[in-house]
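Read the structure below first, then the notes.
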Amino acid sequence: MTDHDLDRSGLRARRVRLLAAAGALLLLAALAAWPAVRSERSSGGEPSPGSAASGAEASDRLVLMFPASVAPPDLPLVQAEMNRYLRDKLDASVEIKPVDMSSWWDRTGLVYASGSQVDLMFTAGWMRFGDEVSRGRFLPLDELLQREGAGIASVLDPEILRASRIGGKLYGIPTNKEFAASKGIVMRADLVEKHGIRLEAIRTLADLGPVLETIKRREPGVTPLQVRADRSPLTFLLQYGLFDMLGDGPGVLQRAGGSLKVVNLAAARTYRDYAKLMYEWRRSGYLNADAVTSRDSEYEAVKAGAAFAFAESMKPGFEIQASRNTGMPMVAVELTKPYTTTADVTSAMFAIPRTSRHPEKAMRLLELLYTDRYLLNLLDWGIEGRHYVVRPDGRIAFSPGVDARTVRYNFNLPWMFGNQLNSYLWDNEDPQQWDNYRRFNEEAEPSKALGFVFDPSPVSNEIAACSRVDEEFSPALITGELDPDAVIPMYLERLKAAGADKVIAEKQRQLDAWLAAGGASAGEGES
């Protein structure tokens with residue numbers, strides 16, 4: 001026997017010993033777990049996190065992945081309850097995988113690189129939806145929706161499904177929620193009342209100037225308007241307020257008028273006017289000094305008593321939401337009327353990735369989130385009696401002894417899942433909130449490009465180059481740091497050198513082709 005044969009014989013022996021040891025450990029684990037499982041089933045009690053009652057009896061496991069800043073401590077309990085419910089409904093269990101947004105692209109990239117199972121994945125127009133589709137990462141859903149998701153089609157307006165298509169095909173199912181947004185300014189209600197500020201007098205952004213001057217003079221230590229390099233009145237009012245951004249890269253449609261010409265936003269007169277206003281306000285001391293570099297939330301600045309107002313996107317009930325997030329009463333004024341763009345329709349969706357093991361059951365699970373109120377609220381708010389209680393009027397409140405800081409299940413993402421209009425309202429929300437949402441959607445003005453999704457792949461290098469130029473110039477304009485009359489000409493010159501004209505031309509070409517094919521009605525009969 002050679003040394004090589006000895007090595008192979010020894011390796012086989014080690015493998016046998018390792019397999020035997022592993023088998024013994026598995027047997028011991030199974031025997032140890034059996035009494036607990038038997039007790040759990042016989043008592044009918046609540047399953048413990050990670051217990052066999054979390055869905056081990058179901059034939060298939062589904063993986064649900066979405067961005068969330070927190071993994072609530074009681075997530076295993078809620079998941080176990082969902083799986084106990086789904087066993088009879090779906091003959092499947094679900095594994096809930098929240099992922100912090102800061103690591104989302106690394107984690108999802110790893111999913112596709114490794115082929116890891118994910119059966120339902122959150123996506124959105126603002127999360128590179130068109131790019132993900134162009135890379136073949138999501139399955140087409142038309143046939144699956146027809147076979148397994150009839151309940152979804154009965155909930156969603158057909159126009160919404162049509163506006164969600166790319167190339168006539170569905171790759172993501174939108175959450176049923178508000179499909180529009182208005183833009184405006186949110187202010188502390190106590191200071192509005194204290195200084196007799198007349199909200200009805202604020203009709204344009206320029207009308208806010210005297211209000212900011214009042215706060216600066218009468219409230220030392222309070223920043224009149226809190227802004228960041230990526231969030232200011234300029235960004236909110238222009239982007240999807242007065243212009244449809246048409247996806248990534250340069251090239252927008254002006255909302256006013258009937259033109260279908262794609263233009264450069266940075267060259268628009270409105271952009272220069274708003275940038276000059278921000279510059280004047282900066283020089284007058286109305287903005288926070290660290291605007292260019294700050295990453296802090298405007299909500300936190302208000303909560304700390306350091307800021308009076310900030311810009312935001314709005315929807316029915318927004319003032320209550322803002323009051324909850326800042327910890328003090330807030331009021332708001334709308335500066336644009338509700339507007340529906342593809343970005344609004346596709347702002348929250350779920351897709352079935354190509355790494356799904358069970359696409360049919362994934363669609364059926366998604367359908368339940370649109371049609372099964374119990375399952376939806378279990379995912380949204382947790383277990384009734386433990387995480388919340390239902391009041392006589394149908395709204396919910398925290399369970400006794402629990403508040404927003406101590407509740408152990410707190411995703412707070414009802415806008416993300418299924419049919420939000422089936423989600424419970426909290427006791428400080430308007431009981432008519434969902435009716436207001438329906439009316440808001442019906443009354444919103446649709447963009448002329450509603451349903452158009454730009455494929456950035458033909459000009460991806462130019463978009464990347466323009467993005468680097470934006471990062472260099474736009475923060476100073478958005479926050480009023482530099483004089484736009486001096487900066488915008490340089491900004492436009494650099495964008496041109498980076499290939500902005502090529503991106504705009506490609507957007508125009510794709511938009512013209514989409515319009516020629518019937519726009520949002522293209523592929524109408526395919527679902």
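Identifiers for the structure tokens are assigned positionally: chains receive A, B, ... in sequence, residues are indexed from 1 per chain, and ligands are indexed from 1 in the order shown.
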
Exercise for the section: Excluding A:Arg137 and any residue of its chain fewer than 2 positions from it, enumerate the residues within 8 Å of it, using only C-alpha atoms, and give them as a ChimeraX atom specification. Expected result: /A:112,132-135,139,353-354

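The environment of A:Asn377 within 10 Å, counting only C-alpha atoms and disregarding residues fewer than 5 places along the same chain, consists of Leu369, Asp372, Gly382, Ile383, Glu384, Pro414, Phe417, Gln420, Asn422, Ser423 and Tyr424 of chain A.
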
Please produce, as a Markdown table, a per-residue contact table for stretch 281-377 of chain A versus stretch 447-464 of chain A (criterion: any atom at most 9 Å away, only C-alpha atoms considered), showing the nearest atom pair and its distance in Å to one decimal, sorted by chain then residue number.
```
| residue | atom | partner | partner_atom | distance |
| --- | --- | --- | --- | --- |
| A:Tyr339 | CA | A:Ser447 | CA | 6.9 |
| A:Thr340 | CA | A:Ser447 | CA | 5.9 |
| A:Thr341 | CA | A:Leu450 | CA | 5.1 |
| A:Thr342 | CA | A:Leu450 | CA | 5.0 |
| A:Ala343 | CA | A:Leu450 | CA | 8.6 |
| A:Val345 | CA | A:Gly451 | CA | 8.3 |
```

Rows by chain and residue number, stretch 176-238 of chain A within 8 Å of stretch 312-328 of chain A, shortest pair, only C-alpha atoms, as JSON lines:
```
{"residue": "A:Glu178", "atom": "CA", "partner": "A:Lys315", "partner_atom": "CA", "distance": 7.4}
{"residue": "A:Ala180", "atom": "CA", "partner": "A:Lys315", "partner_atom": "CA", "distance": 7.6}
{"residue": "A:Ala181", "atom": "CA", "partner": "A:Met314", "partner_atom": "CA", "distance": 5.6}
{"residue": "A:Ser182", "atom": "CA", "partner": "A:Met314", "partner_atom": "CA", "distance": 5.1}
{"residue": "A:Lys183", "atom": "CA", "partner": "A:Ser313", "partner_atom": "CA", "distance": 4.6}
{"residue": "A:Gly184", "atom": "CA", "partner": "A:Glu312", "partner_atom": "CA", "distance": 5.8}
{"residue": "A:Ile185", "atom": "CA", "partner": "A:Glu312", "partner_atom": "CA", "distance": 6.2}
{"residue": "A:Val186", "atom": "CA", "partner": "A:Glu312", "partner_atom": "CA", "distance": 7.0}
{"residue": "A:Arg188", "atom": "CA", "partner": "A:Met328", "partner_atom": "CA", "distance": 7.4}
{"residue": "A:Pro233", "atom": "CA", "partner": "A:Glu312", "partner_atom": "CA", "distance": 7.8}
{"residue": "A:Phe236", "atom": "CA", "partner": "A:Glu312", "partner_atom": "CA", "distance": 6.3}
```

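With only C-alpha atoms as the atoms that count, the residue of A:His358, A:Arg255, A:Lys496, A:Arg165 with the shortest distance to A:Thr336 is A:Arg255.
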
Practice task
Could you give me the residues within stretch 324-441 of chain A that DSSP places in strand (DSSP E), as a VMD selection string?
Solution key: chain A and resid 330 to 334 339 to 340 349 to 351 389 to 390 396 to 397

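Within 8 Å of A:Trp415, once only C-alpha atoms are used and residues closer than 6 positions along the same chain are dropped, the contacting residues are A:Thr175, A:Lys177, A:Ala348.
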
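For the set A:Met65, A:Phe411, A:Ile166, A:Glu360, the residue with the smallest atom-to-atom gap to A:Leu379 is A:Phe411, counting only C-alpha atoms.
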
Handout entry: DSSP-assigned helix (DSSP H, G or I) members of stretch 251-401 of chain A, reported as an NGL selection string
Key = :A and (265-267 or 269-283 or 298-303 or 318-326 or 342-345 or 359-371 or 373-381)

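Comparing the minimum interatomic distances between A:Gly251 and each of A:Ala505, A:Ala189, A:Ala517, A:Leu156, counting only C-alpha atoms, we find that A:Ala505 sits nearest.
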
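When only C-alpha atoms are used to measure the gap to A:Phe243, the shortest distance among A:Gly130, A:Pro73, A:Pro446, A:Gly168 belongs to A:Pro446.
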